[in-house]
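**Q** Below is upload33.txt; it holds compact mmCIF, C-alpha atoms and all ligand atoms.
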```txt
# COMPACT_ATOMS: atom_id res chain seq x y z
CA MET U 442 75.69 116.52 121.13
CA PRO U 443 78.34 114.19 119.71
CA GLU U 444 81.89 115.03 120.76
CA LEU U 445 85.25 113.54 119.80
CA PRO U 446 84.65 110.07 121.32
CA GLU U 447 81.34 109.63 119.50
CA VAL U 448 82.80 110.65 116.13
CA GLU U 449 85.90 108.51 116.72
CA SER U 450 83.73 105.49 117.65
CA LEU U 451 81.70 106.06 114.50
CA ARG U 452 84.89 106.27 112.43
CA ARG U 453 86.22 102.98 113.80
CA VAL U 454 83.02 101.04 113.20
CA LEU U 455 82.55 102.56 109.76
CA ARG U 456 86.15 101.77 108.82
CA ARG U 457 85.50 98.09 109.47
CA SER U 458 82.31 97.96 107.41
CA ALA U 459 82.47 100.55 104.63
CA LEU U 460 86.13 100.99 103.74
CA GLY U 461 86.86 99.96 100.15
CA ARG U 462 83.20 100.04 99.13
CA SER U 463 82.15 102.10 96.12
CA ILE U 464 79.24 104.51 96.00
CA THR U 465 76.89 103.47 93.22
CA ASP U 466 74.42 106.30 93.75
CA ALA U 467 73.39 109.06 96.15
CA ARG U 468 69.90 110.28 96.91
CA ILE U 469 69.48 113.67 98.44
CA ARG U 470 66.18 114.31 100.14
CA GLU U 471 67.01 117.45 102.00
CA ILE U 472 68.25 120.44 100.09
CA ALA U 473 68.74 122.83 102.99
CA LEU U 474 71.19 121.29 105.43
CA ARG U 475 73.49 123.64 107.27
CA ARG U 476 75.60 124.32 104.22
CA ARG U 477 74.74 124.70 100.58
CA ARG U 478 75.50 121.51 98.75
CA THR U 479 77.27 121.12 95.43
CA PRO U 480 74.55 120.98 92.71
CA ASP U 481 76.14 117.99 90.95
CA PHE U 482 76.72 116.18 94.25
CA ALA U 483 75.21 112.84 93.19
CA GLU U 484 77.09 112.75 89.88
CA ARG U 485 80.36 113.58 91.54
CA VAL U 486 80.16 110.81 94.14
CA ARG U 487 78.80 108.13 91.82
CA GLY U 488 81.32 105.35 91.15
CA ARG U 489 83.79 106.62 93.76
CA THR U 490 85.44 104.31 96.28
CA ILE U 491 85.79 105.08 99.99
CA HIS U 492 89.55 104.93 100.40
CA GLU U 493 90.04 106.11 103.95
CA ILE U 494 87.95 107.38 106.85
CA ARG U 495 89.51 110.03 109.05
CA ARG U 496 88.47 112.36 111.82
CA ARG U 497 89.47 115.90 112.67
CA ALA U 498 87.91 117.30 115.87
CA LYS U 499 84.19 116.46 115.52
CA TYR U 500 84.38 116.18 111.72
CA LEU U 501 84.32 112.86 109.92
CA ILE U 502 86.17 112.78 106.60
CA LEU U 503 85.58 110.11 103.95
CA ASP U 504 88.39 110.11 101.42
CA LEU U 505 87.12 109.13 98.00
CA ASP U 506 89.35 108.03 95.16
CA GLY U 507 90.18 110.99 92.99
CA ASP U 508 90.39 114.47 94.40
CA ASP U 509 87.36 114.79 96.66
CA VAL U 510 86.42 114.08 100.23
CA LEU U 511 83.04 113.88 101.93
CA LEU U 512 82.98 115.99 105.07
CA PHE U 513 80.38 115.25 107.75
CA HIS U 514 79.44 117.00 110.95
CA LEU U 515 76.74 115.43 113.09
CA GLY U 516 75.59 118.75 114.57
CA MET U 517 73.21 118.27 117.49
CA SER U 518 71.29 115.22 116.40
CA GLY U 519 72.85 113.79 113.25
CA SER U 520 73.81 110.18 112.66
CA LEU U 521 75.62 108.38 109.88
CA THR U 522 74.58 104.76 109.79
CA HIS U 523 75.70 101.92 107.56
CA ARG U 524 72.55 99.95 106.88
CA GLY U 525 72.99 96.47 105.55
CA ARG U 526 70.65 93.52 105.68
CA GLY U 527 69.09 93.14 109.12
CA PHE U 528 69.76 96.74 110.15
CA ASP U 529 67.11 97.91 112.60
CA ASN U 530 66.08 101.36 111.41
CA SER U 531 63.18 101.75 113.83
CA GLU U 532 65.21 104.41 115.72
CA PHE U 533 65.43 106.59 112.62
CA ASP U 534 62.60 108.65 111.19
CA PRO U 535 62.83 108.22 107.40
CA ARG U 536 61.67 111.83 106.94
CA HIS U 537 65.04 112.87 108.36
CA ASP U 538 67.15 110.60 106.13
CA HIS U 539 68.64 113.55 104.28
CA VAL U 540 71.38 111.87 102.27
CA ASP U 541 71.43 108.21 101.27
CA PHE U 542 74.58 106.76 99.68
CA ILE U 543 73.99 103.40 98.04
CA LEU U 544 77.07 101.19 98.15
CA ASP U 545 78.17 98.47 95.73
CA ASP U 546 77.11 95.63 98.02
CA GLY U 547 73.55 96.98 98.22
CA SER U 548 74.01 98.51 101.69
CA HIS U 549 73.20 102.13 102.43
CA LEU U 550 75.17 104.82 104.19
CA VAL U 551 72.52 107.18 105.52
CA PHE U 552 72.87 110.63 107.03
CA ASN U 553 69.84 111.26 109.23
CA ASP U 554 69.46 114.53 111.13
CA PRO U 555 66.14 115.55 112.72
CA ARG U 556 67.36 118.95 113.92
CA ARG U 557 69.38 119.78 110.83
CA PHE U 558 72.39 121.34 112.47
CA GLY U 559 74.62 118.76 110.85
CA MET U 560 76.27 118.95 107.48
CA VAL U 561 77.43 116.90 104.53
CA ARG U 562 79.77 118.49 102.03
CA LEU U 563 81.77 117.35 99.07
CA VAL U 564 85.09 119.17 99.15
CA ALA U 565 88.23 119.01 97.03
CA ARG U 566 90.89 117.34 99.17
CA ALA U 567 93.30 120.18 98.42
CA ASP U 568 90.81 122.69 99.86
CA LEU U 569 90.34 120.81 103.13
CA PRO U 570 93.12 122.43 105.20
CA GLY U 571 91.97 125.93 104.25
CA LEU U 572 88.29 125.28 104.91
CA ALA U 573 86.71 127.77 107.35
CA GLU U 574 85.43 124.92 109.53
CA LEU U 575 88.84 123.26 109.95
CA ARG U 576 91.31 126.12 109.60
CA GLY U 577 91.12 127.57 113.09
CA LEU U 578 90.98 124.30 115.06
CA GLY U 579 93.44 123.70 117.86
CA PRO U 580 95.43 120.47 118.29
CA GLU U 581 93.81 117.11 118.78
CA PRO U 582 93.56 116.29 122.50
CA LEU U 583 94.95 112.79 121.86
CA SER U 584 98.03 114.16 120.08
CA PRO U 585 101.39 114.87 121.74
CA GLU U 586 100.95 118.54 120.78
CA PHE U 587 98.36 118.86 123.55
CA ASP U 588 100.73 118.90 126.52
CA ALA U 589 100.97 120.79 129.80
CA ALA U 590 103.30 123.47 128.40
CA TYR U 591 100.83 124.15 125.60
CA LEU U 592 97.74 124.34 127.83
CA ALA U 593 99.57 126.39 130.48
CA GLY U 594 100.52 128.87 127.76
CA LYS U 595 96.89 129.16 126.64
CA ALA U 596 95.60 129.51 130.21
CA ARG U 597 98.12 132.14 131.30
CA GLY U 598 96.49 135.42 132.28
CA LYS U 599 93.03 134.35 131.06
CA ARG U 600 89.90 135.12 133.05
CA VAL U 601 87.73 132.62 131.18
CA ALA U 602 86.56 129.58 133.18
CA ILE U 603 88.88 126.59 132.74
CA LYS U 604 85.94 124.51 131.50
CA ASN U 605 85.26 127.00 128.72
CA LEU U 606 88.96 127.12 127.87
CA ILE U 607 89.13 123.37 127.20
CA MET U 608 85.84 123.52 125.26
CA ASP U 609 87.23 126.25 123.01
CA GLN U 610 87.81 124.45 119.69
CA ARG U 611 90.60 126.89 118.77
CA ILE U 612 92.55 125.79 121.85
CA VAL U 613 91.89 122.06 121.75
CA ALA U 614 89.56 120.41 119.26
CA GLY U 615 86.75 117.94 119.92
CA ILE U 616 85.95 118.42 123.62
CA GLY U 617 82.41 119.54 124.46
CA ASN U 618 80.28 119.89 127.54
CA ILE U 619 80.15 116.23 128.60
CA TYR U 620 83.84 115.41 128.44
CA ALA U 621 85.00 118.80 129.74
CA SER U 622 83.00 118.11 132.93
CA GLU U 623 84.41 114.59 133.22
CA ILE U 624 88.01 115.62 132.55
CA LEU U 625 87.86 118.33 135.23
CA PHE U 626 86.38 115.89 137.72
CA CYS U 627 89.22 113.43 137.07
CA ALA U 628 91.75 116.28 137.36
CA LYS U 629 90.09 117.50 140.63
CA VAL U 630 89.69 121.05 139.29
CA ARG U 631 86.42 122.99 139.59
CA PRO U 632 84.99 123.95 136.19
CA GLY U 633 84.37 127.60 137.07
CA ARG U 634 87.97 128.39 138.08
CA ARG U 635 89.60 131.23 136.14
CA SER U 636 92.04 129.67 133.70
CA GLY U 637 94.87 132.00 134.70
CA ARG U 638 94.53 130.93 138.34
CA VAL U 639 94.78 127.19 137.68
CA ARG U 640 98.14 126.02 139.02
CA ARG U 641 100.73 124.24 136.88
CA ALA U 642 100.23 120.91 138.71
CA GLU U 643 96.49 121.17 138.03
CA ILE U 644 97.10 121.95 134.35
CA GLU U 645 99.25 118.82 134.25
CA ALA U 646 96.41 116.84 135.86
CA ILE U 647 93.94 118.14 133.24
CA VAL U 648 96.26 117.20 130.40
CA ALA U 649 96.81 113.74 131.94
CA ALA U 650 93.08 113.16 132.52
CA THR U 651 92.10 114.16 128.97
CA PRO U 652 93.27 111.04 127.07
CA ARG U 653 92.17 108.78 129.94
CA VAL U 654 88.60 110.09 129.79
CA LEU U 655 88.42 110.28 125.98
CA ARG U 656 89.91 106.82 125.41
CA ALA U 657 87.59 105.24 127.98
CA ALA U 658 84.63 106.86 126.22
CA ILE U 659 85.84 105.69 122.80
CA GLY U 660 86.16 102.18 124.25
CA SER U 661 82.52 102.37 125.36
CA ASN U 662 81.37 103.63 121.97
CA GLY U 663 80.71 107.13 123.34
CA THR U 664 77.85 108.51 125.40
CA THR U 665 74.27 108.45 124.23
CA PHE U 666 71.91 111.26 125.11
CA ARG U 667 68.90 111.04 122.85
CA SER U 668 70.20 110.75 119.33
CA TYR U 669 73.75 109.47 119.13
CA ARG U 670 74.12 106.12 117.42
CA ASP U 671 77.18 104.57 115.86
CA SER U 672 77.22 103.39 112.25
CA ARG U 673 75.50 100.12 113.19
CA GLY U 674 72.74 102.09 114.92
CA GLN U 675 74.06 101.08 118.35
CA PRO U 676 73.90 103.54 121.25
CA GLY U 677 77.03 104.41 123.25
CA ARG U 678 77.56 102.81 126.65
CA PHE U 679 79.62 105.49 128.39
CA ALA U 680 76.61 107.17 130.08
CA ARG U 681 76.75 104.74 132.98
CA ARG U 682 80.43 105.51 133.49
CA LEU U 683 79.99 109.27 133.78
CA HIS U 684 81.12 110.62 137.16
CA VAL U 685 79.48 114.04 137.19
CA TYR U 686 77.82 114.97 133.89
CA GLY U 687 74.03 114.86 134.32
CA ARG U 688 74.39 113.49 137.88
CA ASP U 689 73.47 116.59 139.92
CA GLY U 690 71.85 115.62 143.20
CA GLU U 691 73.38 112.13 143.08
CA PRO U 692 76.29 111.00 145.26
CA CYS U 693 79.86 111.43 144.00
CA HIS U 694 81.36 108.06 143.07
CA VAL U 695 84.57 108.93 144.94
CA CYS U 696 83.52 110.70 148.16
CA GLY U 697 79.72 110.38 148.39
CA ALA U 698 79.07 114.14 148.49
CA MET U 699 76.23 115.39 146.30
CA VAL U 700 77.21 116.28 142.73
CA ARG U 701 76.39 119.92 142.02
CA LYS U 702 75.27 121.75 138.92
CA SER U 703 76.06 125.32 137.97
CA VAL U 704 75.80 127.31 134.78
CA ILE U 705 79.10 128.45 133.30
CA GLY U 706 79.09 130.30 129.99
CA GLN U 707 75.40 129.38 129.53
CA ARG U 708 76.20 125.66 129.71
CA ALA U 709 75.21 123.33 132.53
CA SER U 710 78.31 122.24 134.42
CA PHE U 711 78.62 119.44 136.94
CA TYR U 712 81.19 118.95 139.68
CA CYS U 713 81.86 117.60 143.15
CA ALA U 714 82.63 120.42 145.55
CA ARG U 715 84.54 118.06 147.83
CA CYS U 716 86.73 116.33 145.22
CA GLN U 717 87.30 119.34 142.99
CA LYS U 718 89.15 122.44 144.22
ZN ZN J 801 83.50 113.76 145.39
```
Spell out the structure here as structure tokens.
**A**
Amino acid sequence: MPELPEVESLRRVLRRSALGRSITDARIREIALRRRRTPDFAERVRGRTIHEIRRRAKYLILDLDGDDVLLFHLGMSGSLTHRGRGFDNSEFDPRHDHVDFILDDGSHLVFNDPRRFGMVRLVARADLPGLAELRGLGPEPLSPEFDAAYLAGKARGKRVAIKNLIMDQRIVAGIGNIYASEILFCAKVRPGRRSGRVRRAEIEAIVAATPRVLRAAIGSNGTTFRSYRDSRGQPGRFARRLHVYGRDGEPCHVCGAMVRKSVIGQRASFYCARCQK
């Protein structure tokens, strides 16, 4: 499932290729994506220019001229690809091309989502901050707001596993199962530890590891498991740099002990019992 680094990588590539382009038309092939779509969707986006491309947590926001924004969530398996001449669409089943924006240079911006947990919505910019999806989100993990004092305050007295705490979107936004495992490995903290029992120095290590792990993943265009592709249709390259996620039974890159897997909060979790305390 795409997390912050995948959406941020997508944003950066898309910003280089689609910013300033106008939407000449939109074709909607799928009427039942996760959220009900505006009935006059195509009319409302026609002729609008893509002014800015932003990200909040795992949401991608395309600012159109005028008062509306396009809000995307990739769900489990969604992709938003910018298809110009020479684009290789062999990875994408055309039956799952749910929304197709045609741009003024003849290229297409296509939202494809085989499992249909993703979403595309047209929202008035003024309504964005109050939107149910965005309202309750915690700070961005790459912002100065996410510091040790903040996380220590959220962890204090909590019984919830530290891994689940940093995956809680209300506490910090954009971190999912892959990067939570990697961050805790880099911070040398076991994922199943009760949040309230994690010491201050360890909280500081988690907060320090977070931007290191996320920025490295953004630099590698994210991690690809099955479906994730950036806007050029390219897979991420971070998978080979993962230390623990998906590596159970393989030797730890640091100490050589076998990476272990356990289930925490119904999610597979990976750690090194020797490196992580
Ligand atoms: Zn180790």
**Q** Can you tell me how far CA of Tyr686 in chain U sits from CA of Pro652 in chain U, in Å to one decimal?
**A**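 Straight-line distance from CA of Tyr686 in chain U to CA of Pro652 in chain U works out to 17.3 Å.
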**Q** May I have the residues within 9 Å of ligand ZN 801 (chain J), computed using all atoms listed in the file, as a PyMOL selection string?
**A** chain U and resi 626+629+692-700+712-717
**Q** List every residue of range 478-520 of chain U that has an atom at most 9 Å from any atom of range 611-617 of chain U, giving for each one its closest atom pair and the distance in Å to one decimal, counting all atoms listed in the file, sorted by chain and then by ascending residue number, as JSON lines.
**A**
```
{"residue": "U:Arg497", "atom": "CA", "partner": "U:Ala614", "partner_atom": "CA", "distance": 8.0}
{"residue": "U:Ala498", "atom": "CA", "partner": "U:Gly615", "partner_atom": "CA", "distance": 4.3}
{"residue": "U:Lys499", "atom": "CA", "partner": "U:Gly615", "partner_atom": "CA", "distance": 5.3}
{"residue": "U:Tyr500", "atom": "CA", "partner": "U:Gly615", "partner_atom": "CA", "distance": 8.7}
```
**Q** State, in Å with one decimal place, the distance from CA of Arg701 in chain U to CA of Thr665 in chain U.
**A** 21.3 Å
**Q** Work out how far CA of Arg678 in chain U is from CA of Leu503 in chain U, in Å to one decimal.
**A**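 Going from CA of Leu503 in chain U over to CA of Arg678 in chain U, I get 25.2 Å.
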**Q** Give me, as number ranges by chain, all polymer residues having an atom no more than 12 Å from Arg453 in chain U, counting all atoms listed in the file and skipping those fewer than 6 positions away in the same chain.
**A** U: 446-447, 459-460, 493-496, 501, 659-660, 662-663, 671-673
**Q** Skipping near chain neighbours, those fewer than 5 positions away, what residues fall within 7 Å of Val630 in chain U using all atoms listed in the file, listed as a list in words?
**A**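 Result of the neighbour search: Leu625, Glu643, Gln717 and Lys718 of chain U.
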**Q** List as a short mmCIF file (atom, residue, chain, number, x, y, z; two decimals) with C-alpha atoms, keeping the file's coordinate frame the protein and nucleic acid residues near Gly577 in chain U, meaning an atom at most 9 Å away when only C-alpha atoms are counted, but skip any in the same chain fewer than 4 places from it.
**A**
```
data_model
loop_
_atom_site.label_atom_id
_atom_site.label_comp_id
_atom_site.auth_asym_id
_atom_site.auth_seq_id
_atom_site.Cartn_x
_atom_site.Cartn_y
_atom_site.Cartn_z
CA LEU U 572 88.29 125.28 104.91
CA ALA U 573 86.71 127.77 107.35
CA GLN U 610 87.81 124.45 119.69
CA ARG U 611 90.60 126.89 118.77
#
```
**Q** Give me the residues of range 549-599 of chain U that have any atom at most 9 Å from an atom of range 528-538 of chain U; for each, the nearest atom pair and the distance in Å, rounded to one decimal. Use only C-alpha atoms, sort by chain and number, and format it as a Markdown table.
**A**
```
| residue | atom | partner | partner_atom | distance |
| --- | --- | --- | --- | --- |
| U:Val551 | CA | U:Asp538 | CA | 6.4 |
| U:Phe552 | CA | U:Asp538 | CA | 5.8 |
| U:Asn553 | CA | U:Asp538 | CA | 4.2 |
| U:Asp554 | CA | U:His537 | CA | 5.5 |
| U:Pro555 | CA | U:His537 | CA | 5.2 |
| U:Arg556 | CA | U:His537 | CA | 8.6 |
| U:Arg557 | CA | U:His537 | CA | 8.5 |
```
**Q** Counting only C-alpha atoms, find the residues whose atoms lie at most 7 Å from (96.6, 123.7, 132.2) (file coordinates) and write them out as number ranges by chain.
**A** U: 589, 592-593, 596, 639, 641, 643-645, 647-648
**Q** Can you pull out the residues contacting Thr664 in chain U? Cut-off 8 Å, using only C-alpha atoms, and skip same-chain residues under 5 positions away; I want them as a list of chain:residue names.
**A**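 Residues meeting the cut-off are U:Glu447, U:Ala658, U:Tyr669, U:Pro676, U:Gly677, U:Arg678, U:Phe679, U:Ala680.
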**Q** If you count all atoms listed in the file, which residues fall within 10 Å of Phe482 in chain U, apart from same-chain ones fewer than 6 positions away, as a VMD selection string?
**A** chain U and resid 467 to 469 562 to 563
**Q** Compare U:Lys595, U:Leu550, U:Leu606, U:Val510 by their minimum atom-to-atom distance to Arg566 in chain U, counting only C-alpha atoms, and give me the closest one.
**A**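 That would be U:Val510, the residue with the smallest distance to Arg566 in chain U.
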**Q** Looking at U:Leu512, U:Ala646, U:Ile491, U:Leu544, which one is nearest to Thr465 in chain U, with distances taken over all atoms listed in the file?
**A**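 Nearest to Thr465 in chain U: U:Leu544.
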**Q** Give the answer as one residue: which of U:His523, U:Gln675, U:Met517, U:Ala642 has the shortest atom-to-atom distance to Arg457 in chain U, using only C-alpha atoms?
**A**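 Comparing U:His523, U:Gln675, U:Met517, U:Ala642 against Arg457 in chain U, the winner is U:His523.
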**Q** Name the closest residue to Gly461 in chain U among the candidates U:Arg635, U:Arg688, U:Arg681, U:His492; distances are taken between atoms, counting all atoms listed in the file.
**A**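 With all atoms listed in the file as the atom set, the closest residue is U:His492.
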**Q** Counting all atoms listed in the file, figure out which residue out of U:Ala483, U:Val540, U:Ile603, U:Met560 gets nearest to Ser518 in chain U.
**A**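 Among the listed residues, U:Met560 lies closest to Ser518 in chain U.
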**Q** Between U:Asn605, U:Gln707, U:Ser661, U:Thr651, which is the closest to Glu449 in chain U once you count all atoms listed in the file?
**A**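 The shortest atom-to-atom distance to Glu449 in chain U comes from U:Ser661.
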